[in-house]
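The file model-v9.tsv comes next; it holds TSV, C-alpha atoms.
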```tsv
chain	number	residue	atom	x	y	z
A	1032	MET	CA	34.36	38.57	-2.30
A	1033	VAL	CA	33.76	35.63	-0.04
A	1034	PRO	CA	34.90	36.38	3.51
A	1035	PHE	CA	38.26	34.85	4.29
A	1036	LYS	CA	37.01	33.13	7.46
A	1037	LEU	CA	34.17	31.45	5.58
A	1038	HIS	CA	36.74	30.15	3.12
A	1039	ILE	CA	38.80	28.51	5.79
A	1040	ILE	CA	35.68	26.99	7.36
A	1041	LEU	CA	34.50	25.73	3.97
A	1042	ILE	CA	37.84	24.16	3.14
A	1043	ILE	CA	38.19	22.46	6.51
A	1044	ILE	CA	34.63	21.14	6.74
A	1045	SER	CA	34.33	20.05	3.13
A	1046	SER	CA	37.71	18.34	3.04
A	1047	VAL	CA	37.00	16.48	6.29
A	1048	GLY	CA	33.55	15.56	4.95
A	1049	PHE	CA	34.90	14.50	1.61
A	1050	LEU	CA	37.61	12.30	3.12
A	1051	PHE	CA	35.08	10.82	5.57
A	1052	ILE	CA	32.73	9.84	2.76
A	1053	LEU	CA	35.56	8.55	0.60
A	1054	ASN	CA	36.84	6.43	3.47
A	1055	LEU	CA	33.40	4.97	4.14
A	1056	ILE	CA	33.00	3.99	0.51
A	1057	ARG	CA	36.52	2.52	0.51
A	1058	ARG	CA	35.67	0.38	3.54
A	1059	ASN	CA	32.41	-0.76	1.92
A	1060	LYS	CA	30.33	0.90	4.63
A	1061	LEU	CA	28.49	3.02	2.07
A	1062	GLU	CA	26.99	1.74	-1.12
A	1063	LEU	CA	28.42	3.91	-3.91
A	1064	LYS	CA	25.06	3.89	-5.64
A	1065	PHE	CA	23.42	5.82	-2.80
A	1066	SER	CA	26.41	7.87	-1.72
A	1067	LEU	CA	27.32	9.17	-5.15
A	1068	ILE	CA	25.24	12.28	-4.58
A	1069	TRP	CA	27.08	12.96	-1.29
A	1070	PHE	CA	30.37	12.33	-3.02
A	1071	PHE	CA	29.79	14.97	-5.69
A	1072	PHE	CA	28.21	17.39	-3.25
A	1073	SER	CA	31.22	17.38	-0.92
A	1074	LEU	CA	33.64	17.45	-3.83
A	1075	PHE	CA	31.90	20.53	-5.20
A	1076	LEU	CA	32.04	22.31	-1.82
A	1077	LEU	CA	35.73	21.54	-1.58
A	1078	LEU	CA	36.32	23.06	-5.02
A	1079	VAL	CA	34.38	26.19	-4.10
A	1080	GLY	CA	36.46	26.47	-0.95
A	1081	LEU	CA	39.76	26.01	-2.77
A	1082	PHE	CA	38.93	28.31	-5.69
A	1083	PRO	CA	37.05	31.33	-4.36
A	1084	ASN	CA	36.76	32.82	-7.84
A	1085	LEU	CA	34.46	29.94	-8.76
A	1086	SER	CA	31.73	31.21	-6.44
A	1087	VAL	CA	32.20	34.77	-7.69
A	1088	LEU	CA	31.84	33.54	-11.28
A	1089	ILE	CA	28.64	31.60	-10.49
A	1090	SER	CA	27.22	34.65	-8.66
A	1091	LEU	CA	27.79	36.75	-11.75
A	1092	LEU	CA	26.16	34.11	-13.96
A	1093	PHE	CA	23.08	33.84	-11.74
A	1094	GLY	CA	22.90	37.55	-10.97
A	1095	ILE	CA	23.29	37.02	-7.23
A	1096	GLU	CA	24.81	39.98	-5.38
A	1097	THR	CA	27.07	38.26	-2.89
A	1098	PRO	CA	29.00	35.02	-3.46
A	1099	VAL	CA	28.11	33.93	0.10
A	1100	ASN	CA	24.48	33.69	-0.91
A	1101	THR	CA	25.46	31.66	-3.94
A	1102	ILE	CA	27.22	29.17	-1.71
A	1103	PHE	CA	24.20	29.00	0.62
A	1104	LEU	CA	21.88	28.48	-2.33
A	1105	ILE	CA	24.02	25.68	-3.71
A	1106	VAL	CA	24.30	24.01	-0.31
A	1107	HIS	CA	20.55	24.27	0.11
A	1108	PHE	CA	19.92	22.77	-3.29
A	1109	GLY	CA	22.42	19.99	-2.60
A	1110	THR	CA	20.74	19.14	0.71
A	1111	ILE	CA	17.29	18.94	-0.83
A	1112	SER	CA	18.49	16.78	-3.71
A	1113	THR	CA	20.19	14.43	-1.28
A	1114	LEU	CA	17.09	14.20	0.88
A	1115	PHE	CA	14.95	13.52	-2.12
A	1116	SER	CA	17.23	10.80	-3.42
A	1117	LEU	CA	16.83	9.17	0.00
A	1118	THR	CA	13.03	9.31	-0.28
A	1119	ILE	CA	13.24	7.59	-3.66
A	1120	ALA	CA	15.51	4.90	-2.27
A	1121	LEU	CA	13.19	4.48	0.73
A	1122	SER	CA	10.07	4.11	-1.42
A	1123	ARG	CA	11.77	1.52	-3.52
A	1124	SER	CA	12.94	-0.54	-0.60
A	1125	HIS	CA	9.52	-0.17	1.01
A	1126	VAL	CA	7.91	-1.92	-1.96
A	1127	ARG	CA	10.60	-4.58	-2.03
A	1128	ASN	CA	10.27	-5.10	1.69
A	1129	LYS	CA	6.51	-5.54	1.38
A	1130	ASN	CA	6.94	-8.07	-1.42
A	1131	ILE	CA	9.44	-10.05	0.64
A	1132	ILE	CA	7.16	-10.06	3.70
A	1133	GLN	CA	4.24	-11.30	1.60
A	1134	GLU	CA	6.32	-13.94	-0.10
A	1135	MET	CA	7.61	-15.07	3.28
A	1136	GLY	CA	4.06	-15.42	4.63
A	1137	LEU	CA	3.06	-17.45	1.60
A	1138	LEU	CA	6.12	-19.70	1.91
A	1139	LYS	CA	5.55	-20.24	5.65
A	1140	GLN	CA	2.02	-21.34	4.91
A	1141	GLU	CA	3.22	-23.68	2.18
A	1142	ILE	CA	5.82	-25.23	4.47
A	1143	SER	CA	3.33	-25.92	7.24
A	1144	GLU	CA	0.94	-27.41	4.70
A	1145	LEU	CA	3.67	-29.74	3.43
A	1146	LYS	CA	4.60	-30.66	7.01
A	1147	ASN	CA	1.00	-31.59	7.76
A	1148	LYS	CA	0.86	-33.76	4.66
A	1149	LEU	CA	4.05	-35.55	5.65
A	1150	GLU	CA	2.82	-36.26	9.16
A	1151	ARG	CA	-0.37	-37.79	7.90
B	1397	MET	CA	-14.91	-23.24	-10.31
B	1398	LYS	CA	-12.39	-22.52	-7.54
B	1399	ILE	CA	-13.48	-19.86	-5.10
B	1400	LEU	CA	-11.39	-18.35	-2.31
B	1401	VAL	CA	-12.47	-16.25	0.65
B	1402	ILE	CA	-9.71	-13.92	1.83
B	1403	VAL	CA	-10.01	-12.84	5.46
B	1404	PRO	CA	-7.54	-10.11	6.45
B	1405	ALA	CA	-7.28	-10.03	10.25
B	1406	TYR	CA	-5.37	-7.83	12.64
B	1407	ASN	CA	-5.97	-8.45	16.37
B	1408	GLU	CA	-9.31	-10.16	15.80
B	1409	ALA	CA	-8.93	-13.07	18.23
B	1410	ASP	CA	-12.41	-12.29	19.64
B	1411	ASN	CA	-14.16	-12.45	16.28
B	1412	ILE	CA	-12.22	-14.74	14.00
B	1413	GLN	CA	-13.55	-18.09	15.25
B	1414	ASN	CA	-17.18	-17.02	14.94
B	1415	LEU	CA	-16.51	-15.68	11.48
B	1416	ILE	CA	-14.89	-18.89	10.26
B	1417	MET	CA	-17.71	-20.95	11.76
B	1418	SER	CA	-20.37	-18.88	10.03
B	1419	LEU	CA	-18.41	-19.03	6.76
B	1420	ARG	CA	-18.46	-22.82	7.04
B	1421	HIS	CA	-22.24	-22.75	7.51
B	1422	GLU	CA	-22.58	-21.37	4.00
B	1423	ILE	CA	-22.91	-24.65	2.20
B	1424	GLU	CA	-24.67	-23.34	-0.91
B	1425	VAL	CA	-21.37	-22.15	-2.34
B	1426	GLU	CA	-18.21	-24.19	-2.09
B	1427	PHE	CA	-15.13	-22.15	-1.27
B	1428	ASP	CA	-11.76	-22.28	0.51
B	1429	ILE	CA	-10.87	-19.87	3.27
B	1430	VAL	CA	-7.51	-18.21	3.84
B	1431	VAL	CA	-6.92	-16.00	6.88
B	1432	ILE	CA	-4.17	-13.42	6.50
B	1433	ASN	CA	-2.90	-12.66	9.98
B	1434	ASP	CA	-1.21	-9.25	9.64
B	1435	CYS	CA	1.26	-9.83	12.48
B	1436	SER	CA	-1.37	-9.54	15.22
B	1437	THR	CA	-0.19	-8.98	18.78
B	1438	ASP	CA	-2.98	-11.14	20.19
B	1439	SER	CA	-3.79	-14.80	19.54
B	1440	THR	CA	-5.59	-14.28	16.21
B	1441	SER	CA	-3.39	-16.85	14.49
B	1442	ASN	CA	-3.94	-19.57	17.09
B	1443	ALA	CA	-7.66	-18.85	17.30
B	1444	ALA	CA	-8.00	-19.31	13.55
B	1445	PHE	CA	-5.76	-22.36	13.59
B	1446	GLU	CA	-7.82	-24.00	16.36
B	1447	VAL	CA	-10.89	-24.07	14.14
B	1448	GLY	CA	-8.79	-25.53	11.35
B	1449	ALA	CA	-8.49	-22.47	9.12
B	1450	ASN	CA	-5.73	-22.05	6.58
B	1451	VAL	CA	-3.66	-19.21	8.06
B	1452	ILE	CA	-0.95	-17.10	6.47
B	1453	ASP	CA	1.11	-15.38	9.19
B	1454	LEU	CA	2.88	-12.27	7.96
B	1455	PRO	CA	6.18	-11.72	9.77
B	1456	CYS	CA	5.67	-7.91	9.89
B	1457	ASN	CA	2.58	-5.72	10.02
B	1458	LEU	CA	1.80	-4.53	6.50
B	1459	GLY	CA	-1.55	-2.81	6.99
B	1460	ILE	CA	-4.81	-3.78	5.31
B	1461	GLY	CA	-3.60	-3.26	1.73
B	1462	GLY	CA	-0.50	-5.40	2.10
B	1463	ALA	CA	-2.43	-8.11	3.96
B	1464	VAL	CA	-5.22	-8.29	1.39
B	1465	GLN	CA	-2.71	-8.34	-1.45
B	1466	THR	CA	-1.07	-11.38	0.15
B	1467	GLY	CA	-4.45	-13.08	-0.20
B	1468	TYR	CA	-4.64	-12.15	-3.88
B	1469	LYS	CA	-1.11	-13.43	-4.40
B	1470	TYR	CA	-2.20	-16.70	-2.78
B	1471	ALA	CA	-5.29	-16.83	-5.01
B	1472	TYR	CA	-3.20	-16.17	-8.10
B	1473	LYS	CA	-0.61	-18.78	-7.15
B	1474	HIS	CA	-3.30	-21.43	-6.66
B	1475	ASN	CA	-5.32	-20.50	-9.75
B	1476	TYR	CA	-8.55	-19.43	-8.12
B	1477	ASP	CA	-11.33	-18.21	-10.43
B	1478	ILE	CA	-13.00	-15.94	-7.89
B	1479	ALA	CA	-11.68	-14.22	-4.79
B	1480	ILE	CA	-13.91	-12.73	-2.11
B	1481	GLN	CA	-12.72	-10.36	0.57
B	1482	VAL	CA	-14.40	-10.63	3.98
B	1483	ASP	CA	-13.18	-8.47	6.88
B	1484	GLY	CA	-11.93	-10.34	9.94
B	1485	ASP	CA	-14.00	-8.25	12.35
B	1486	GLY	CA	-17.28	-10.02	11.56
B	1487	GLN	CA	-18.97	-6.98	9.97
B	1488	HIS	CA	-19.66	-8.89	6.80
B	1489	ASN	CA	-22.33	-11.56	6.88
B	1490	PRO	CA	-21.26	-14.65	4.91
B	1491	LYS	CA	-24.82	-15.29	3.75
B	1492	PHE	CA	-24.33	-12.58	1.10
B	1493	ILE	CA	-21.40	-14.36	-0.52
B	1494	LYS	CA	-23.59	-16.14	-3.03
B	1495	ASP	CA	-25.17	-12.81	-4.08
B	1496	LEU	CA	-21.72	-11.29	-4.32
B	1497	ILE	CA	-20.34	-13.89	-6.72
B	1498	GLU	CA	-23.46	-14.36	-8.81
B	1499	PRO	CA	-22.76	-11.46	-11.24
B	1500	ILE	CA	-19.20	-12.77	-11.71
B	1501	ILE	CA	-20.33	-16.32	-12.43
B	1502	LEU	CA	-22.90	-14.98	-14.91
B	1503	LYS	CA	-20.15	-12.79	-16.40
B	1504	LYS	CA	-22.21	-9.67	-15.82
B	1505	ALA	CA	-19.43	-7.99	-13.83
B	1506	ASP	CA	-15.72	-8.39	-13.12
B	1507	PHE	CA	-15.85	-6.80	-9.70
B	1508	VAL	CA	-18.72	-6.79	-7.20
B	1509	ILE	CA	-18.95	-4.61	-4.11
B	1510	GLY	CA	-21.30	-5.35	-1.21
B	1511	SER	CA	-22.96	-2.05	-0.33
B	1512	ARG	CA	-24.79	-1.30	2.93
B	1513	PHE	CA	-26.38	1.82	1.43
B	1514	LEU	CA	-28.25	0.39	-1.55
B	1515	GLU	CA	-31.12	-0.78	0.64
B	1516	ARG	CA	-30.14	1.06	3.81
B	1517	GLU	CA	-30.55	-1.94	6.06
B	1518	GLY	CA	-28.48	-2.97	9.06
B	1519	PHE	CA	-25.53	-1.10	10.52
B	1520	GLN	CA	-25.11	2.17	8.60
B	1521	SER	CA	-21.77	3.24	10.12
B	1522	SER	CA	-21.16	6.44	12.10
B	1523	ALA	CA	-22.24	9.87	10.79
B	1524	LEU	CA	-18.63	10.97	10.38
B	1525	ARG	CA	-17.76	7.96	8.31
B	1526	ARG	CA	-20.87	8.38	6.20
B	1527	ILE	CA	-19.74	11.90	5.27
B	1528	GLY	CA	-16.46	10.47	4.08
B	1529	ILE	CA	-18.22	7.71	2.16
B	1530	VAL	CA	-20.53	10.17	0.37
B	1531	TYR	CA	-17.52	12.35	-0.46
B	1532	PHE	CA	-15.66	9.41	-2.00
B	1533	SER	CA	-18.61	8.18	-4.00
B	1534	LYS	CA	-19.12	11.74	-5.35
B	1535	ILE	CA	-15.46	12.15	-6.29
B	1536	ILE	CA	-15.37	8.69	-7.93
B	1537	TYR	CA	-18.54	9.44	-9.88
B	1538	LEU	CA	-17.16	12.82	-10.97
B	1539	LEU	CA	-13.91	11.35	-12.23
B	1540	THR	CA	-14.93	7.96	-13.61
B	1541	LYS	CA	-18.72	8.19	-14.09
B	1542	GLN	CA	-18.99	5.02	-12.01
B	1543	LYS	CA	-21.80	4.94	-9.44
B	1544	VAL	CA	-20.59	3.42	-6.19
B	1545	THR	CA	-22.65	3.95	-3.05
B	1546	ASP	CA	-20.22	2.25	-0.67
B	1547	PRO	CA	-16.68	2.83	-1.97
B	1548	THR	CA	-15.03	2.00	1.37
B	1549	SER	CA	-16.72	-1.39	1.68
B	1550	GLY	CA	-14.23	-4.18	2.14
B	1551	PHE	CA	-16.82	-6.81	1.24
B	1552	ARG	CA	-16.04	-7.47	-2.41
B	1553	ALA	CA	-15.51	-10.19	-4.97
B	1554	CYS	CA	-13.50	-10.30	-8.19
B	1555	ASN	CA	-12.71	-12.58	-11.11
B	1556	ALA	CA	-9.43	-14.21	-12.19
B	1557	SER	CA	-8.09	-11.35	-14.31
B	1558	ILE	CA	-8.51	-8.92	-11.42
B	1559	ILE	CA	-6.87	-11.42	-9.06
B	1560	LYS	CA	-3.85	-11.40	-11.35
B	1561	MET	CA	-3.84	-7.61	-11.47
B	1562	PHE	CA	-4.17	-7.22	-7.68
B	1563	ALA	CA	-1.42	-9.78	-7.10
B	1564	ASN	CA	0.81	-7.48	-9.12
B	1565	SER	CA	-0.16	-4.14	-7.72
B	1566	TYR	CA	-2.39	-3.06	-4.88
B	1567	PRO	CA	-2.50	0.19	-2.90
B	1568	ILE	CA	-0.87	-0.06	0.51
B	1569	ASP	CA	-3.09	1.71	3.02
B	1570	TYR	CA	-6.82	2.49	2.82
B	1571	PRO	CA	-6.99	0.74	-0.56
B	1572	GLU	CA	-10.74	0.38	-1.14
B	1573	PRO	CA	-11.71	3.61	-2.98
B	1574	GLU	CA	-8.43	3.67	-4.87
B	1575	THR	CA	-8.90	0.16	-6.25
B	1576	ILE	CA	-12.24	1.20	-7.77
B	1577	VAL	CA	-10.58	3.98	-9.77
B	1578	PHE	CA	-7.73	1.64	-10.66
B	1579	LEU	CA	-10.14	-1.03	-11.97
B	1580	LYS	CA	-12.23	1.52	-13.83
B	1581	ARG	CA	-9.09	2.82	-15.56
B	1582	ASN	CA	-8.40	-0.73	-16.70
B	1583	GLU	CA	-11.92	-0.98	-18.11
B	1584	PHE	CA	-13.36	-3.57	-15.78
B	1585	THR	CA	-17.08	-3.72	-15.05
B	1586	ILE	CA	-17.99	-2.88	-11.47
B	1587	LYS	CA	-21.32	-3.74	-9.88
B	1588	GLU	CA	-22.79	-3.16	-6.46
B	1589	ILE	CA	-25.21	-5.44	-4.64
B	1590	PRO	CA	-27.09	-4.68	-1.41
B	1591	VAL	CA	-25.80	-6.32	1.77
B	1592	VAL	CA	-26.52	-5.94	5.46
B	1593	MET	CA	-23.52	-5.22	7.65
B	1594	GLU	CA	-23.28	-5.91	11.36
B	1595	GLU	CA	-21.76	-3.65	13.94
B	1596	ARG	CA	-18.49	-5.17	15.10
B	1597	VAL	CA	-18.87	-7.40	18.15
B	1598	GLY	CA	-15.47	-7.49	19.84
B	1599	GLY	CA	-12.15	-5.70	19.38
B	1600	VAL	CA	-11.69	-2.08	18.32
B	1601	SER	CA	-11.97	-0.45	14.93
B	1602	SER	CA	-8.71	0.98	13.63
B	1603	ILE	CA	-10.17	4.35	12.56
B	1604	ASN	CA	-10.07	7.53	14.70
B	1605	LEU	CA	-10.57	11.24	13.88
B	1606	LEU	CA	-6.98	12.13	13.01
B	1607	LYS	CA	-6.63	9.00	10.93
B	1608	SER	CA	-9.88	9.82	9.14
B	1609	VAL	CA	-8.52	13.20	8.05
B	1610	TYR	CA	-5.33	11.56	6.81
B	1611	TYR	CA	-7.47	8.91	5.12
B	1612	MET	CA	-9.55	11.50	3.23
B	1613	VAL	CA	-6.54	13.52	2.07
B	1614	LYS	CA	-4.41	10.54	1.15
B	1615	VAL	CA	-7.13	8.72	-0.76
B	1616	SER	CA	-8.18	11.89	-2.62
B	1617	ILE	CA	-4.62	12.47	-3.80
B	1618	ALA	CA	-4.22	8.79	-4.67
B	1619	ILE	CA	-7.39	8.89	-6.79
B	1620	LEU	CA	-6.26	12.04	-8.60
B	1621	ILE	CA	-2.81	10.61	-9.27
B	1622	ASP	CA	-4.30	7.36	-10.52
B	1623	LEU	CA	-6.11	9.36	-13.20
B	1624	MET	CA	-2.75	10.56	-14.51
B	1625	ARG	CA	-1.55	7.01	-15.08
B	1626	ASP	CA	-1.80	5.20	-18.40
B	1627	ARG	CA	-5.30	4.16	-19.29
B	1628	LYS	CA	-4.36	0.54	-19.49
B	1629	GLY	CA	-1.61	-1.33	-17.71
B	1630	VAL	CA	-0.38	-2.16	-14.27
B	1631	ILE	CA	1.67	0.21	-12.13
B	1632	LYS	CA	5.32	-0.48	-12.70
B	1633	ASN	CA	7.04	-2.70	-10.15
B	1634	GLY	CA	3.81	-3.03	-8.21
B	1635	SER	CA	2.11	-0.54	-5.98
B	1636	VAL	CA	3.66	2.31	-4.05
```

Give the structure from the file, written as C-alpha cells.
Amino acid sequence: MVPFKLHIILIIISSVGFLFILNLIRRNKLELKFSLIWFFFSLFLLLVGLFPNLSVLISLLFGIETPVNTIFLIVHFGTISTLFSLTIALSRSHVRNKNIIQEMGLLKQEISELKNKLER
Amino acid sequence: MKILVIVPAYNEADNIQNLIMSLRHEIEVEFDIVVINDCSTDSTSNAAFEVGANVIDLPCNLGIGGAVQTGYKYAYKHNYDIAIQVDGDGQHNPKFIKDLIEPIILKKADFVIGSRFLEREGFQSSALRRIGIVYFSKIIYLLTKQKVTDPTSGFRACNASIIKMFANSYPIDYPEPETIVFLKRNEFTIKEIPVVMEERVGGVSSINLLKSVYYMVKVSIAILIDLMRDRKGVIKNGSV
C-alpha cells in the first residue's frame, strides 16, 4: 500500500499544480503546445493520488515491489520527458532565432544601401 | 563572373582596415567585399565603414558559423558565382585569392581550401592546434577518403551550388571540418591549394585550452552524426 501521508501530499501538491497550470493556460500565459506535457503529467499525478489502487495495479504490472517506487519512477520519467521536450523546443527556436538575426543583418545592409543611393 | 569575398569579423578593429586595403590591392581578380560584423563590442563596424567596405552588422553575436552563413545568404541573394571566405584577423593573405578560385573557374573543383601545410611555409600554428588539425584530417580521411591537410582552415572558396547549399544549412560553431564532411556527403569535389598564412597582428584569437577540448569533442561528434544523414540532401530546416 501507498502510505496514507504520501497520498495526502500527492493529492494536495498535484491538485494545486494542476490548477496552477490550467489557470496559466486559461490566462494565455502558457502556450498549450508547450505546456501539454505538463498538463498531462500533473493530471496523471492527481489521478494516482485520488485512486491509490491505480499505483498498486501499475506496480503489479511492472513487477515493482512497492507502489511508492512506482510513483517515483513515473515522476522521474515525467520530469525527464518534460525536460527533453524543452530541449527540443529550445533547439528549434535557436535555429529560428539565428535565421531572424541573419535576415535582420541582411535587411539592415540593404536599407543603408538604398539610403545611400537616395542621398546621391 | 560575380565573385564575393566574405570577411567574418568579431572584434577586429585593429586588423580590418589593413585587410580591406590589401584586398583592394588585388587587382588581378575583380571581386566585391562584404564584412560580416558579428556584433563586435569594439569599433570593427566603423573601422570597416571608414574605408568604404560593405558591412553587414548582425544585431546579436552568432559565432563564426552564423556570421559566415550570413555571408553565404548574401551571396545567394545577389547571385554570386563564387564566394571566398577570408578571416577578419588578417591571417589570410589576399594574394592567394586568384589561386583559390582558379580550380573553380576551370571547373576542376567545387570547393577549394587554402592549406598552410601543403608546402609548410609561413605561420604553422601552435603545436597544440597542429595536433588537433592532424586528428581532424585523419578522421576525415578515415570516414570520407578525402585528403585534407588543413581541415580547420577558414580560407576557402566555393561555387554557386555550394553557396546555395550553405545559405540553407551551415553548422553553427567551429564549422570548418564539419562542412568538409557535409560537402563530401553531397558529392562535391574538394581540392586543396598551398597558401602562406600570417600570424595574427592585433587582437586576440578566440581559442583557449578548454575551448579546444570542447572543439575536438563537438566536431568529432558532429562529423560522426553527419555520416548518419542521407547521402544527398540538405539538413531539414537548416542547420542545428

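Computed from the coordinates, the atom CA of Phe1551 of chain B to atom CA of Ser1143 of chain A distance equals 28.4 Å.
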
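Residues within 12 Å of Tyr1537 of chain B, counting all atoms listed in the file and excluding same-chain residues fewer than 4 positions away, are Val1530, Tyr1531, Phe1532, Ser1533, Lys1541, Gln1542, Lys1543, Val1544, Thr1545, Asp1546, Pro1547, Pro1573, Ile1576, Val1577, Lys1580 and Ile1619 of chain B.
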
Could you write those residues out with C-alpha atoms, as a compact mmCIF listing (two decimals), keeping the file's coordinate frame?
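Output below, filename part08.txt:
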```txt
# COMPACT_ATOMS: atom_id res chain seq x y z
CA VAL B 1530 -20.53 10.17 0.37
CA TYR B 1531 -17.52 12.35 -0.46
CA PHE B 1532 -15.66 9.41 -2.00
CA SER B 1533 -18.61 8.18 -4.00
CA LYS B 1541 -18.72 8.19 -14.09
CA GLN B 1542 -18.99 5.02 -12.01
CA LYS B 1543 -21.80 4.94 -9.44
CA VAL B 1544 -20.59 3.42 -6.19
CA THR B 1545 -22.65 3.95 -3.05
CA ASP B 1546 -20.22 2.25 -0.67
CA PRO B 1547 -16.68 2.83 -1.97
CA PRO B 1573 -11.71 3.61 -2.98
CA ILE B 1576 -12.24 1.20 -7.77
CA VAL B 1577 -10.58 3.98 -9.77
CA LYS B 1580 -12.23 1.52 -13.83
CA ILE B 1619 -7.39 8.89 -6.79
```

Could you list, with a cut-off of 8 Å and counting all atoms listed in the file, the residues of chain A near chain B, each shown with its nearest atom pair and the distance in Å rounded to one decimal, rows sorted by chain and ascending number, as a tab-separated table?
```
residue	atom	partner	partner_atom	distance
A:Ser1122	CA	B:Val1636	CA	7.2
A:Val1126	CA	B:Val1636	CA	6.4
A:Lys1129	CA	B:Leu1458	CA	7.0
A:Ile1132	CA	B:Pro1455	CA	6.4
A:Gln1133	CA	B:Thr1466	CA	5.5
A:Glu1134	CA	B:Thr1466	CA	7.8
A:Met1135	CA	B:Leu1454	CA	7.2
A:Gly1136	CA	B:Leu1454	CA	4.7
A:Leu1137	CA	B:Ile1452	CA	6.3
A:Lys1139	CA	B:Ile1452	CA	7.3
A:Gln1140	CA	B:Ile1452	CA	5.4
```

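Proximity ranking of A:Leu1050, A:Ile1111, A:Ile1039, A:Ile1095 relative to Ile1068 of chain A places A:Ile1111 first, based on only C-alpha atoms.
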
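If only C-alpha atoms are the atoms counted, then among A:Val1099, A:Leu1055, A:Val1087, A:Leu1074 the closest residue to Lys1036 of chain A is A:Val1099.
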
Study note, to complete from the structure: Counting only C-alpha atoms, closest pick from B:Ile1501, B:Val1403, B:Ile1429, B:Leu1514 relative to Asp1483 of chain B is B:Val1403

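Residues lying at most 12 Å from (-12.4, 13.3, -16.9) in file coordinates, with all atoms listed in the file considered, are Ile1535, Ile1536, Tyr1537, Leu1538, Leu1539, Thr1540, Lys1541, Gln1542, Val1577, Arg1581, Leu1620, Asp1622, Leu1623, Met1624 and Arg1627 of chain B.
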
Review point. Which protein, DNA or RNA residues have an atom at most 12 Å from (34.1, 7.8, 2.4), counting only C-alpha atoms? List them as a list of chain:residue names.
Key: A:Ser1046, A:Val1047, A:Gly1048, A:Phe1049, A:Leu1050, A:Phe1051, A:Ile1052, A:Leu1053, A:Asn1054, A:Leu1055, A:Ile1056, A:Arg1057, A:Arg1058, A:Asn1059, A:Lys1060, A:Leu1061, A:Glu1062, A:Leu1063, A:Ser1066, A:Leu1067, A:Trp1069, A:Phe1070, A:Phe1071, A:Ser1073, A:Leu1074

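Taking atom CA of Ile1089 of chain A and atom CA of Leu1117 of chain A as the two end points, the separation is 27.4 Å.
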
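Omitting Val1591 of chain B and its sequence neighbours fewer than 2 positions away, and counting only C-alpha atoms, the residues within 7 Å are Phe1492, Gly1510, Ser1511, Arg1512, Ile1589 and Met1593 of chain B.
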
Exercise for review: Can you work out the spacing between atom CA of Thr1101 of chain A and atom CA of Val1079 of chain A in Å, to one decimal?
Suggested key: 10.5 Å
